[in-house]
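A.B. asks: Quick one: this structure, given as structure tokens, is what I'll be asking you about.
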Number of protein chains: 2
Amino acid sequence: MSSEPTNSTAHTERWTATNSAGYAAPAALAVDVVVLTVQDGATRTLVLERSDGALALPGGFVGDAETPQQTVIRKLSEKTGLQEVYVEQLATFAAPGRDPRGWIPTIAYLALMPPGIEPTDPAARWINATDHAALVFDHNEILETALERVRGKLWWSNVAVGILPGEFTLAEARHVYTAIADIDYDPGTFARDIRATGLVAATGRERHDTGGRPASLYTFTEHHPAWGVGRRKRVSNT
Amino acid sequence: MSSEPTNSTAHTERWTATNSAGYAAPAALAVDVVVLTVQDGATRTLVLERSDGALALPGGFVGDAETPQQTVIRKLSEKTGLQEVYVEQLATFAAPGRDPRGWIPTIAYLALMPPGIEPTDPAARWINATDHAALVFDHNEILETALERVRGKLWWSNVAVGILPGEFTLAEARHVYTAIADIDYDPGTFARDIRATGLVAATGRERHDTGGRPASLYTFTEHHPAWGVGRRKRVSNT
DNA sequence: ACAATAGTGTCTTTTAGACAGTATTCT
DNA sequence: AGAATACTGTCTAAAAGACACTATTGT
């Protein structure tokens, strides 16, 4: 896997490819990943700072014997050390000229991680997902697509399972939902409604370091992507 | 455009490609399109019958100077003569071996058409979208993805604008929604709720061939993809 | 006792679903 | 007149939002 071309250094020449039938072919198939987490009430995303200072989403080239999702998981493992992450496909960006290195379509993915992951790659760092410097190529558009997706699924699925730890208090869950949806949910109503989705269950244990009455701990009953019963909750004030 | 390799005949050999850096590259980038319409209360999709009798979704190869969506629109124009169709990207399928002709990722698209379009391509025909013979490759999975998508967006967007004619009665709209969602909507409640989305407006004209009291004609106020105010309506009985 | 956080109960408003009943046309 | 289709009004049940109030801990 170390013999593949790198996606993280500046290009020097334009790549081309021709297939065995004699027609122009894509020079490569790429994946780009929007890794999201919620830390200190803010939605944050992982970027790589390149040698010229430009910021790019993590990504890489898909090998000819793997699925693009395997590429994503492999790359995330390299950058963060995490093996188990929530990953789903977002959309494919393939406009001619989107990548100056050549005809390189990219399949964009959304990945979610619990907060506090320290990147193992020294060029990687977390930035604010909703208020940040411009990214390279069409990566701003990819990031916007990811934020829209996660907001759209927030109350209908267990996406948040990717961000919350295995056990969490309803207050922790509420902070994550608040950061993503940009809505201040009422604590009582939040508890009622998230229980009504049928996606969480109390573990019976409690957390005592909350500064007041101990909080019951909950888990998502499903750790794979799942849909709950529909709630109609707002996810943005705008 | 006639000099490109065809996507509709059986393969004879496996295509490969190598890029200028010496690495394996995709042999081609394809698009496949799920064209949906509603006719006589049934959801129908366009397929091409190949020389060996197998059924495939319409599709083609993306040229190196066009966006995949342009490829889709070009192919649909060839097969049906229609220029203006509702098109949106679904997902990309790129598992190794998905296409026996070689490493050929495909970007799947959803397209919607009004009923009664006669295909110009003699190999093309409409089949039932929810109850049909098996399709080639992973095309069954692509079709399922399309049906899920259109059901998911039905009450939240103006997707149905792609199927309904420019002017339509609320009964016609209700039949389309009924076919897609597989729910028998109450006529009165349907009228109230579709007006509440803010996506339709009465034209002031009427249709008199309904066999009873004339029906008011409506249009979608937006013909480009748009989102209405959220309704929580059910879309499946299962 | 007091502060702090967790959690419950309940009232109001909105909206979905059902359906009775009225309106307008054609034969 | 009667049949057929279009449309309105209204009742009920469910669910979302707001918020007062109670519960349980640490200091």
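Identifiers for the structure tokens are assigned positionally: chains receive A, B, ... in sequence, residues are indexed from 1 per chain, and ligands are indexed from 1 in the order shown.
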Do you know which residues are at most 12 Å from Glu141 (chain B) counting only C-alpha atoms (C1' of nucleotides), after dropping those on the same chain fewer than 6 positions away, and could you put them as a list of chain:residue names?
C.D. replies: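 My reading of the contact set: B:Asp32, B:Val34, B:Ala56, B:Leu57, B:Leu90, B:Ala91, B:Thr92, B:Phe93, B:Arg98, B:Ala108, B:Ala129, B:Thr130, B:Ala134, B:Leu135, B:Leu147, B:Glu148.
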A.B. asks: Take the residues that were just selected and, keeping N, CA, C and O atoms, output them as a PDB file, in the first residue's frame.
C.D. replies:
```pdb
ATOM      1  N   ASP B  32     -25.194   5.432 -14.734  1.00  0.00           N
ATOM      2  CA  ASP B  32     -26.389   4.644 -14.965  1.00  0.00           C
ATOM      3  C   ASP B  32     -27.566   5.447 -14.427  1.00  0.00           C
ATOM      4  O   ASP B  32     -27.443   6.108 -13.396  1.00  0.00           O
ATOM      5  N   VAL B  34     -31.658   5.702 -13.359  1.00  0.00           N
ATOM      6  CA  VAL B  34     -32.972   5.155 -13.062  1.00  0.00           C
ATOM      7  C   VAL B  34     -33.983   6.210 -13.486  1.00  0.00           C
ATOM      8  O   VAL B  34     -34.104   7.250 -12.839  1.00  0.00           O
ATOM      9  N   ALA B  56     -30.936  -3.920 -18.666  1.00  0.00           N
ATOM     10  CA  ALA B  56     -29.992  -3.023 -17.998  1.00  0.00           C
ATOM     11  C   ALA B  56     -30.578  -1.625 -17.915  1.00  0.00           C
ATOM     12  O   ALA B  56     -31.399  -1.228 -18.748  1.00  0.00           O
ATOM     13  N   LEU B  57     -30.173  -0.892 -16.907  1.00  0.00           N
ATOM     14  CA  LEU B  57     -30.544   0.509 -16.844  1.00  0.00           C
ATOM     15  C   LEU B  57     -29.829   1.257 -17.969  1.00  0.00           C
ATOM     16  O   LEU B  57     -28.722   0.892 -18.340  1.00  0.00           O
ATOM     17  N   LEU B  90     -27.585   9.983  -7.316  1.00  0.00           N
ATOM     18  CA  LEU B  90     -28.002   9.061  -6.267  1.00  0.00           C
ATOM     19  C   LEU B  90     -26.812   8.612  -5.410  1.00  0.00           C
ATOM     20  O   LEU B  90     -26.729   8.918  -4.227  1.00  0.00           O
ATOM     21  N   ALA B  91     -25.914   7.867  -6.003  1.00  0.00           N
ATOM     22  CA  ALA B  91     -24.772   7.315  -5.279  1.00  0.00           C
ATOM     23  C   ALA B  91     -23.843   6.696  -6.306  1.00  0.00           C
ATOM     24  O   ALA B  91     -24.232   6.469  -7.450  1.00  0.00           O
ATOM     25  N   THR B  92     -22.636   6.414  -5.878  1.00  0.00           N
ATOM     26  CA  THR B  92     -21.658   5.816  -6.785  1.00  0.00           C
ATOM     27  C   THR B  92     -21.390   4.379  -6.374  1.00  0.00           C
ATOM     28  O   THR B  92     -21.228   4.088  -5.186  1.00  0.00           O
ATOM     29  N   PHE B  93     -21.364   3.499  -7.355  1.00  0.00           N
ATOM     30  CA  PHE B  93     -21.121   2.087  -7.123  1.00  0.00           C
ATOM     31  C   PHE B  93     -19.783   1.758  -7.760  1.00  0.00           C
ATOM     32  O   PHE B  93     -19.607   1.931  -8.962  1.00  0.00           O
ATOM     33  N   ARG B  98     -17.782  -5.228 -10.031  1.00  0.00           N
ATOM     34  CA  ARG B  98     -19.208  -4.961 -10.249  1.00  0.00           C
ATOM     35  C   ARG B  98     -19.554  -5.012 -11.735  1.00  0.00           C
ATOM     36  O   ARG B  98     -20.668  -5.338 -12.105  1.00  0.00           O
ATOM     37  N   ALA B 108     -24.597   6.587 -10.199  1.00  0.00           N
ATOM     38  CA  ALA B 108     -26.011   6.343 -10.465  1.00  0.00           C
ATOM     39  C   ALA B 108     -26.796   7.640 -10.325  1.00  0.00           C
ATOM     40  O   ALA B 108     -26.557   8.424  -9.401  1.00  0.00           O
ATOM     41  N   ALA B 129     -41.446  -0.810 -11.774  1.00  0.00           N
ATOM     42  CA  ALA B 129     -40.246  -0.517 -10.984  1.00  0.00           C
ATOM     43  C   ALA B 129     -40.177  -1.330  -9.700  1.00  0.00           C
ATOM     44  O   ALA B 129     -39.095  -1.532  -9.145  1.00  0.00           O
ATOM     45  N   THR B 130     -41.320  -1.786  -9.216  1.00  0.00           N
ATOM     46  CA  THR B 130     -41.307  -2.474  -7.922  1.00  0.00           C
ATOM     47  C   THR B 130     -41.486  -3.981  -8.059  1.00  0.00           C
ATOM     48  O   THR B 130     -41.387  -4.693  -7.079  1.00  0.00           O
ATOM     49  N   ALA B 134     -34.981  -9.614 -12.938  1.00  0.00           N
ATOM     50  CA  ALA B 134     -33.670  -9.169 -12.457  1.00  0.00           C
ATOM     51  C   ALA B 134     -32.946  -8.377 -13.540  1.00  0.00           C
ATOM     52  O   ALA B 134     -33.087  -8.652 -14.727  1.00  0.00           O
ATOM     53  N   LEU B 135     -32.184  -7.388 -13.117  1.00  0.00           N
ATOM     54  CA  LEU B 135     -31.383  -6.587 -14.037  1.00  0.00           C
ATOM     55  C   LEU B 135     -29.929  -7.026 -13.943  1.00  0.00           C
ATOM     56  O   LEU B 135     -29.536  -7.765 -13.039  1.00  0.00           O
ATOM     57  N   LEU B 147     -35.718   4.248  -5.673  1.00  0.00           N
ATOM     58  CA  LEU B 147     -37.079   4.246  -5.134  1.00  0.00           C
ATOM     59  C   LEU B 147     -37.093   4.786  -3.711  1.00  0.00           C
ATOM     60  O   LEU B 147     -37.964   5.572  -3.328  1.00  0.00           O
ATOM     61  N   GLU B 148     -36.114   4.368  -2.926  1.00  0.00           N
ATOM     62  CA  GLU B 148     -35.996   4.893  -1.563  1.00  0.00           C
ATOM     63  C   GLU B 148     -35.845   6.414  -1.574  1.00  0.00           C
ATOM     64  O   GLU B 148     -36.458   7.115  -0.787  1.00  0.00           O
TER      65      GLU B 148
END
```
A.B. asks: Compile the residues of chain D that lie within 7 Å of chain A, evaluated using only C-alpha atoms (C1' of nucleotides), and express the compilation as a PyMOL selection string.
C.D. replies: chain D and resi 24-26
A.B. asks: Among chain A, which residues carry a DSSP assignment of alpha helix (DSSP H), reported as number ranges by chain?
C.D. replies: A: 68-80, 139-153, 170-181, 187-196
A.B. asks: Return as JSON lines the residues of chain C lying at most 10 Å from chain B, together with the closest atom-to-atom pair for each and the distance in Å to one decimal, counting only C-alpha atoms (C1' of nucleotides), with rows in chain order and ascending residue number.
C.D. replies:
```
{"residue": "C:DT15", "atom": "C1'", "partner": "B:Arg231", "partner_atom": "CA", "distance": 8.7}
{"residue": "C:DA16", "atom": "C1'", "partner": "B:Lys233", "partner_atom": "CA", "distance": 7.3}
{"residue": "C:DG17", "atom": "C1'", "partner": "B:Thr189", "partner_atom": "CA", "distance": 7.7}
{"residue": "C:DA18", "atom": "C1'", "partner": "B:Asp186", "partner_atom": "CA", "distance": 8.1}
{"residue": "C:DC19", "atom": "C1'", "partner": "B:Asp186", "partner_atom": "CA", "distance": 9.2}
{"residue": "C:DA23", "atom": "C1'", "partner": "B:Arg213", "partner_atom": "CA", "distance": 8.0}
{"residue": "C:DT24", "atom": "C1'", "partner": "B:Arg213", "partner_atom": "CA", "distance": 4.6}
{"residue": "C:DT25", "atom": "C1'", "partner": "B:Arg213", "partner_atom": "CA", "distance": 4.1}
{"residue": "C:DC26", "atom": "C1'", "partner": "B:Gly212", "partner_atom": "CA", "distance": 6.5}
{"residue": "C:DT27", "atom": "C1'", "partner": "B:Gly211", "partner_atom": "CA", "distance": 9.9}
```
A.B. asks: Would you write out those residues with C-alpha atoms (C1' of nucleotides), as an mmCIF file, in the first residue's frame?
C.D. replies:
```cif
data_model
loop_
_atom_site.group_PDB
_atom_site.id
_atom_site.type_symbol
_atom_site.label_atom_id
_atom_site.label_comp_id
_atom_site.auth_asym_id
_atom_site.auth_seq_id
_atom_site.Cartn_x
_atom_site.Cartn_y
_atom_site.Cartn_z
ATOM 1 C "C1'" DT C 15 -50.679 19.180 12.556
ATOM 2 C "C1'" DA C 16 -51.926 14.644 10.657
ATOM 3 C "C1'" DG C 17 -55.746 11.488 9.753
ATOM 4 C "C1'" DA C 18 -60.538 10.530 9.103
ATOM 5 C "C1'" DC C 19 -64.724 11.497 7.280
ATOM 6 C "C1'" DA C 23 -70.504 22.056 -4.680
ATOM 7 C "C1'" DT C 24 -70.442 21.682 -9.581
ATOM 8 C "C1'" DT C 25 -70.608 19.423 -13.595
ATOM 9 C "C1'" DC C 26 -72.429 15.817 -17.311
ATOM 10 C "C1'" DT C 27 -75.852 12.542 -18.945
#
```
A.B. asks: For chain B versus chain A, which residues have an atom no more than 9 Å away, and what is each residue's nearest atom pair and distance in Å rounded to one decimal, using only C-alpha atoms, chain-then-number order, as CSV?
C.D. replies:
```
residue,atom,partner,partner_atom,distance
B:Glu4,CA,A:Tyr23,CA,7.5
B:Pro5,CA,A:Tyr23,CA,7.8
B:Arg14,CA,A:Ser20,CA,8.5
B:Trp15,CA,A:Ser20,CA,5.5
B:Thr16,CA,A:Ser20,CA,5.4
B:Ala17,CA,A:Asn19,CA,4.0
B:Thr18,CA,A:Ala17,CA,5.7
B:Asn19,CA,A:Ala17,CA,4.0
B:Ser20,CA,A:Thr16,CA,5.4
B:Ala21,CA,A:Trp15,CA,6.8
B:Tyr23,CA,A:Glu4,CA,7.5
B:Ala24,CA,A:Asp64,CA,6.8
B:Ala25,CA,A:Ala28,CA,5.1
B:Pro26,CA,A:Pro26,CA,6.1
B:Ala27,CA,A:Asn19,CA,5.4
B:Ala28,CA,A:Ala25,CA,5.1
B:Leu29,CA,A:Pro26,CA,6.9
B:Gly63,CA,A:Ala24,CA,7.9
B:Asp64,CA,A:Pro96,CA,6.8
B:Ala65,CA,A:Pro96,CA,5.8
B:Glu66,CA,A:Pro96,CA,6.2
B:Thr67,CA,A:Ala95,CA,4.8
B:Pro68,CA,A:Ala94,CA,6.8
B:Gln89,CA,A:Ala91,CA,7.5
B:Leu90,CA,A:Ala91,CA,7.5
B:Ala91,CA,A:Ala91,CA,6.0
B:Thr92,CA,A:Thr92,CA,6.6
B:Phe93,CA,A:Pro68,CA,8.9
B:Ala94,CA,A:Thr67,CA,6.4
B:Ala95,CA,A:Thr67,CA,4.8
B:Pro96,CA,A:Ala65,CA,5.8
B:Gly97,CA,A:Ala65,CA,8.6
B:Trp103,CA,A:Asp64,CA,7.0
B:Pro105,CA,A:Leu29,CA,8.6
B:Ile107,CA,A:Thr92,CA,7.4
B:Gly230,CA,A:Arg232,CA,7.7
B:Arg231,CA,A:Arg232,CA,8.0
B:Arg232,CA,A:Arg232,CA,6.5
```
A.B. asks: Report as a list in words all protein, DNA and RNA residues lying within 8 Å of Thr120 (chain B), evaluated on only C-alpha atoms (C1' of nucleotides), omitting residues in the same chain fewer than 6 positions from it.
C.D. replies: Glu78, Lys79, Thr80 and Gly81 of chain B
A.B. asks: Residues at most 12 Å from Asn158 (chain B), counting only C-alpha atoms (C1' of nucleotides), excluding those fewer than 2 positions away in the same chain, as a PyMOL selection string?
C.D. replies: chain B and resi 86+112+150-156+160-164+173+177+194-195+197-200+219-230
A.B. asks: Keeping N, CA, C and O atoms for every residue in the selection just given, could you write it to a file as a tab-separated table (two decimals), in the first residue's frame?
C.D. replies:
```tsv
chain	number	residue	atom	x	y	z
B	86	TYR	N	-35.86	16.11	-14.93
B	86	TYR	CA	-35.38	16.29	-13.56
B	86	TYR	C	-34.31	15.23	-13.33
B	86	TYR	O	-34.56	14.03	-13.47
B	112	LEU	N	-36.60	11.78	-13.60
B	112	LEU	CA	-38.05	11.66	-13.57
B	112	LEU	C	-38.63	12.21	-14.86
B	112	LEU	O	-38.17	13.23	-15.38
B	150	VAL	N	-36.72	8.66	-3.86
B	150	VAL	CA	-37.87	9.45	-4.30
B	150	VAL	C	-38.98	9.39	-3.25
B	150	VAL	O	-39.68	10.37	-3.01
B	151	ARG	N	-39.09	8.26	-2.55
B	151	ARG	CA	-40.06	8.19	-1.45
B	151	ARG	C	-39.66	9.12	-0.32
B	151	ARG	O	-40.48	9.82	0.27
B	152	GLY	N	-38.37	9.13	-0.02
B	152	GLY	CA	-37.89	9.96	1.08
B	152	GLY	C	-38.09	11.44	0.85
B	152	GLY	O	-38.32	12.20	1.78
B	153	LYS	N	-38.05	11.86	-0.42
B	153	LYS	CA	-38.15	13.28	-0.71
B	153	LYS	C	-39.56	13.73	-1.06
B	153	LYS	O	-39.81	14.93	-1.18
B	154	LEU	N	-40.46	12.78	-1.23
B	154	LEU	CA	-41.76	13.08	-1.83
B	154	LEU	C	-42.47	14.26	-1.18
B	154	LEU	O	-42.89	15.19	-1.85
B	155	TRP	N	-42.58	14.24	0.16
B	155	TRP	CA	-43.35	15.28	0.85
B	155	TRP	C	-42.49	16.44	1.31
B	155	TRP	O	-42.99	17.38	1.92
B	156	TRP	N	-41.20	16.37	1.06
B	156	TRP	CA	-40.31	17.43	1.55
B	156	TRP	C	-39.79	18.29	0.44
B	156	TRP	O	-39.17	19.31	0.68
B	160	ALA	N	-41.82	15.62	-7.38
B	160	ALA	CA	-42.91	15.18	-8.25
B	160	ALA	C	-43.06	16.09	-9.46
B	160	ALA	O	-43.71	15.72	-10.43
B	161	VAL	N	-42.45	17.26	-9.43
B	161	VAL	CA	-42.49	18.15	-10.59
B	161	VAL	C	-41.92	17.46	-11.81
B	161	VAL	O	-42.28	17.76	-12.95
B	162	GLY	N	-41.05	16.49	-11.59
B	162	GLY	CA	-40.45	15.78	-12.71
B	162	GLY	C	-41.41	14.82	-13.39
B	162	GLY	O	-41.22	14.47	-14.54
B	163	ILE	N	-42.44	14.40	-12.68
B	163	ILE	CA	-43.38	13.42	-13.23
B	163	ILE	C	-44.66	14.08	-13.71
B	163	ILE	O	-45.20	13.72	-14.75
B	164	LEU	N	-45.15	15.05	-12.95
B	164	LEU	CA	-46.41	15.68	-13.31
B	164	LEU	C	-46.22	16.64	-14.48
B	164	LEU	O	-45.17	17.25	-14.63
B	173	ALA	N	-52.12	14.68	-9.15
B	173	ALA	CA	-50.99	14.72	-8.21
B	173	ALA	C	-51.15	13.62	-7.17
B	173	ALA	O	-50.20	12.91	-6.84
B	177	TYR	N	-48.55	10.61	-6.13
B	177	TYR	CA	-48.06	10.42	-4.77
B	177	TYR	C	-48.46	9.05	-4.22
B	177	TYR	O	-47.69	8.40	-3.52
B	194	ILE	N	-50.83	19.27	0.54
B	194	ILE	CA	-49.91	19.63	-0.54
B	194	ILE	C	-49.90	21.14	-0.74
B	194	ILE	O	-48.86	21.71	-1.05
B	195	ARG	N	-51.03	21.76	-0.47
B	195	ARG	CA	-51.02	23.23	-0.51
B	195	ARG	C	-50.15	23.79	0.61
B	195	ARG	O	-49.48	24.80	0.46
B	197	THR	N	-47.43	22.72	1.71
B	197	THR	CA	-46.00	22.67	1.46
B	197	THR	C	-45.49	23.97	0.84
B	197	THR	O	-44.29	24.24	0.85
B	198	GLY	N	-46.42	24.75	0.27
B	198	GLY	CA	-46.01	26.00	-0.35
B	198	GLY	C	-45.37	25.82	-1.72
B	198	GLY	O	-44.83	26.76	-2.28
B	199	LEU	N	-45.44	24.61	-2.26
B	199	LEU	CA	-44.74	24.33	-3.52
B	199	LEU	C	-45.65	24.42	-4.73
B	199	LEU	O	-45.16	24.44	-5.86
B	200	VAL	N	-46.96	24.43	-4.52
B	200	VAL	CA	-47.88	24.46	-5.66
B	200	VAL	C	-48.75	25.72	-5.60
B	200	VAL	O	-48.96	26.29	-4.54
B	219	THR	N	-49.88	24.29	-10.65
B	219	THR	CA	-48.50	24.10	-11.11
B	219	THR	C	-47.58	24.10	-9.90
B	219	THR	O	-47.94	24.63	-8.84
B	220	PHE	N	-46.43	23.52	-10.06
B	220	PHE	CA	-45.38	23.74	-9.07
B	220	PHE	C	-44.83	25.14	-9.28
B	220	PHE	O	-44.59	25.55	-10.43
B	221	THR	N	-44.63	25.87	-8.20
B	221	THR	CA	-44.12	27.24	-8.34
B	221	THR	C	-42.65	27.24	-8.72
B	221	THR	O	-42.16	28.19	-9.32
B	222	GLU	N	-41.94	26.18	-8.37
B	222	GLU	CA	-40.54	26.04	-8.75
B	222	GLU	C	-40.39	24.79	-9.62
B	222	GLU	O	-40.90	23.73	-9.26
B	223	HIS	N	-39.69	24.91	-10.72
B	223	HIS	CA	-39.47	23.72	-11.53
B	223	HIS	C	-38.08	23.15	-11.33
B	223	HIS	O	-37.75	22.07	-11.80
B	224	HIS	N	-37.25	23.88	-10.63
B	224	HIS	CA	-35.94	23.34	-10.23
B	224	HIS	C	-36.13	22.68	-8.87
B	224	HIS	O	-37.08	22.98	-8.16
B	225	PRO	N	-35.20	21.78	-8.50
B	225	PRO	CA	-35.32	21.13	-7.20
B	225	PRO	C	-35.47	22.16	-6.07
B	225	PRO	O	-34.75	23.14	-6.02
B	226	ALA	N	-36.46	21.94	-5.21
B	226	ALA	CA	-36.71	22.88	-4.11
B	226	ALA	C	-37.28	22.10	-2.93
B	226	ALA	O	-37.86	21.03	-3.11
B	227	TRP	N	-37.13	22.65	-1.75
B	227	TRP	CA	-37.64	22.02	-0.55
B	227	TRP	C	-38.84	22.79	-0.02
B	227	TRP	O	-38.83	24.02	-0.01
B	228	GLY	N	-39.86	22.08	0.40
B	228	GLY	CA	-41.03	22.72	0.98
B	228	GLY	C	-40.92	22.70	2.50
B	228	GLY	O	-39.92	22.28	3.05
B	229	VAL	N	-41.95	23.21	3.16
B	229	VAL	CA	-41.95	23.11	4.61
B	229	VAL	C	-42.28	21.67	4.97
B	229	VAL	O	-43.06	21.01	4.30
B	230	GLY	N	-41.65	21.16	6.01
B	230	GLY	CA	-41.72	19.75	6.32
B	230	GLY	C	-43.12	19.26	6.68
B	230	GLY	O	-43.81	19.84	7.50
```
A.B. asks: Show me, as a PyMOL selection string, the residues that have an atom within 10 Å of DT22 (chain C) when counting only C-alpha atoms (C1' of nucleotides), minus same-chain residues fewer than 3 positions from it.
C.D. replies: chain D and resi 7-9
A.B. asks: One decimal, in Å: what's the spacing between CA of Ala191 (chain A) and CA of Ala111 (chain A)?
C.D. replies: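 Distance reported for this atom pair: 25.7 Å.
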A.B. asks: What does the distance between CA of Leu170 (chain B) and CA of Ile117 (chain B) come to in Å, to one decimal place?
C.D. replies: 21.6 Å
A.B. asks: Go ahead and compute the interatomic distance for CA of Asp182 (chain B) and CA of Arg149 (chain A), in Å to one decimal.
C.D. replies: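 Answer for the CA of Asp182 (chain B) to CA of Arg149 (chain A) separation: 25.6 Å.
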A.B. asks: Quick one: residues within 12 Å of DC11 (chain C), only C-alpha atoms (C1' of nucleotides) counted, chain neighbours fewer than 3 positions away excluded, as a list of chain:residue names?
C.D. replies: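 Selected residues are D:DG17, D:DA18, D:DC19, D:DA20.
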A.B. asks: Could you write out, as a list in words, all the residues of region 95-235 of chain B that DSSP marks as strand (DSSP E)?
C.D. replies: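 Result set for region 95-235 of chain B (strand (DSSP E)): Thr106, Ile107, Ala108, Tyr109, Leu110, Ala111, Leu112, Ala124, Arg125, Trp126, Ile127, Asn128, Phe168, Thr169, Val200, Ala201, Ala202, Thr203, Gly204, Arg205, Glu206, Arg207, Ala215, Ser216, Leu217, Tyr218, Thr219 and Phe220 of chain B.
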A.B. asks: How would the residues just picked look written out with N, CA and C atoms as a CSV table (one decimal), in the first residue's frame?
C.D. replies:
```csv
chain,number,residue,atom,x,y,z
B,106,THR,N,-19.4,3.4,-11.5
B,106,THR,CA,-20.6,4.1,-12.1
B,106,THR,C,-21.2,5.0,-11.1
B,107,ILE,N,-21.6,6.2,-11.6
B,107,ILE,CA,-22.3,7.1,-10.8
B,107,ILE,C,-23.8,7.0,-11.2
B,108,ALA,N,-24.6,6.6,-10.2
B,108,ALA,CA,-26.0,6.3,-10.5
B,108,ALA,C,-26.8,7.6,-10.3
B,109,TYR,N,-27.7,7.9,-11.2
B,109,TYR,CA,-28.6,9.0,-11.2
B,109,TYR,C,-30.0,8.7,-11.2
B,110,LEU,N,-30.8,9.6,-10.7
B,110,LEU,CA,-32.3,9.5,-10.7
B,110,LEU,C,-32.8,10.5,-11.7
B,111,ALA,N,-33.7,10.0,-12.6
B,111,ALA,CA,-34.3,11.0,-13.5
B,111,ALA,C,-35.8,10.7,-13.5
B,112,LEU,N,-36.6,11.8,-13.6
B,112,LEU,CA,-38.0,11.7,-13.6
B,112,LEU,C,-38.6,12.2,-14.9
B,124,ALA,N,-35.3,0.1,-25.9
B,124,ALA,CA,-35.7,0.6,-24.6
B,124,ALA,C,-37.2,0.3,-24.4
B,125,ARG,N,-37.5,0.0,-23.1
B,125,ARG,CA,-39.0,-0.1,-22.8
B,125,ARG,C,-39.2,0.1,-21.3
B,126,TRP,N,-40.4,0.4,-20.9
B,126,TRP,CA,-40.8,0.7,-19.5
B,126,TRP,C,-41.2,-0.6,-18.9
B,127,ILE,N,-40.7,-0.8,-17.7
B,127,ILE,CA,-41.1,-2.0,-16.9
B,127,ILE,C,-41.5,-1.5,-15.5
B,128,ASN,N,-42.2,-2.4,-14.8
B,128,ASN,CA,-42.7,-2.1,-13.5
B,128,ASN,C,-41.5,-1.9,-12.5
B,168,PHE,N,-51.6,20.4,-13.7
B,168,PHE,CA,-52.2,19.1,-13.2
B,168,PHE,C,-53.3,19.4,-12.2
B,169,THR,N,-54.2,18.5,-12.1
B,169,THR,CA,-55.2,18.6,-11.1
B,169,THR,C,-54.7,17.9,-9.8
B,200,VAL,N,-47.0,24.4,-4.5
B,200,VAL,CA,-47.9,24.5,-5.7
B,200,VAL,C,-48.7,25.7,-5.6
B,201,ALA,N,-49.2,26.1,-6.8
B,201,ALA,CA,-50.1,27.3,-6.8
B,201,ALA,C,-51.2,27.0,-7.9
B,202,ALA,N,-52.4,27.5,-7.7
B,202,ALA,CA,-53.5,27.3,-8.6
B,202,ALA,C,-53.2,28.2,-9.8
B,203,THR,N,-53.6,27.8,-11.0
B,203,THR,CA,-53.4,28.6,-12.2
B,203,THR,C,-54.6,29.4,-12.5
B,204,GLY,N,-55.7,29.0,-11.9
B,204,GLY,CA,-57.0,29.7,-12.2
B,204,GLY,C,-57.8,29.0,-13.3
B,205,ARG,N,-57.1,28.1,-14.1
B,205,ARG,CA,-57.8,27.4,-15.1
B,205,ARG,C,-58.4,26.1,-14.5
B,206,GLU,N,-59.2,25.4,-15.3
B,206,GLU,CA,-59.9,24.2,-14.9
B,206,GLU,C,-59.8,23.1,-15.9
B,207,ARG,N,-59.9,21.9,-15.5
B,207,ARG,CA,-60.1,20.8,-16.5
B,207,ARG,C,-61.5,20.3,-16.4
B,215,ALA,N,-62.1,20.3,-12.3
B,215,ALA,CA,-61.0,20.4,-11.3
B,215,ALA,C,-60.1,21.6,-11.6
B,216,SER,N,-59.7,22.3,-10.5
B,216,SER,CA,-58.8,23.4,-10.7
B,216,SER,C,-57.4,22.8,-11.1
B,217,LEU,N,-56.7,23.6,-11.9
B,217,LEU,CA,-55.4,23.2,-12.3
B,217,LEU,C,-54.3,23.9,-11.4
B,218,TYR,N,-53.3,23.2,-11.2
B,218,TYR,CA,-52.2,23.7,-10.3
B,218,TYR,C,-50.9,23.5,-11.1
B,219,THR,N,-49.9,24.3,-10.7
B,219,THR,CA,-48.5,24.1,-11.1
B,219,THR,C,-47.6,24.1,-9.9
B,220,PHE,N,-46.4,23.5,-10.1
B,220,PHE,CA,-45.4,23.7,-9.1
B,220,PHE,C,-44.8,25.1,-9.3
```
A.B. asks: List the spatial neighbours of DC21 (chain D) as a list in words - criterion: any atom at most 12 Å away, only C-alpha atoms (C1' of nucleotides), same-chain residues fewer than 2 positions off excluded.
C.D. replies: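 Residues near the query, excluding close chain neighbours: Gly188 of chain A; DG7, DT8, DG9 and DT10 of chain C; DC19 and DA23 of chain D.
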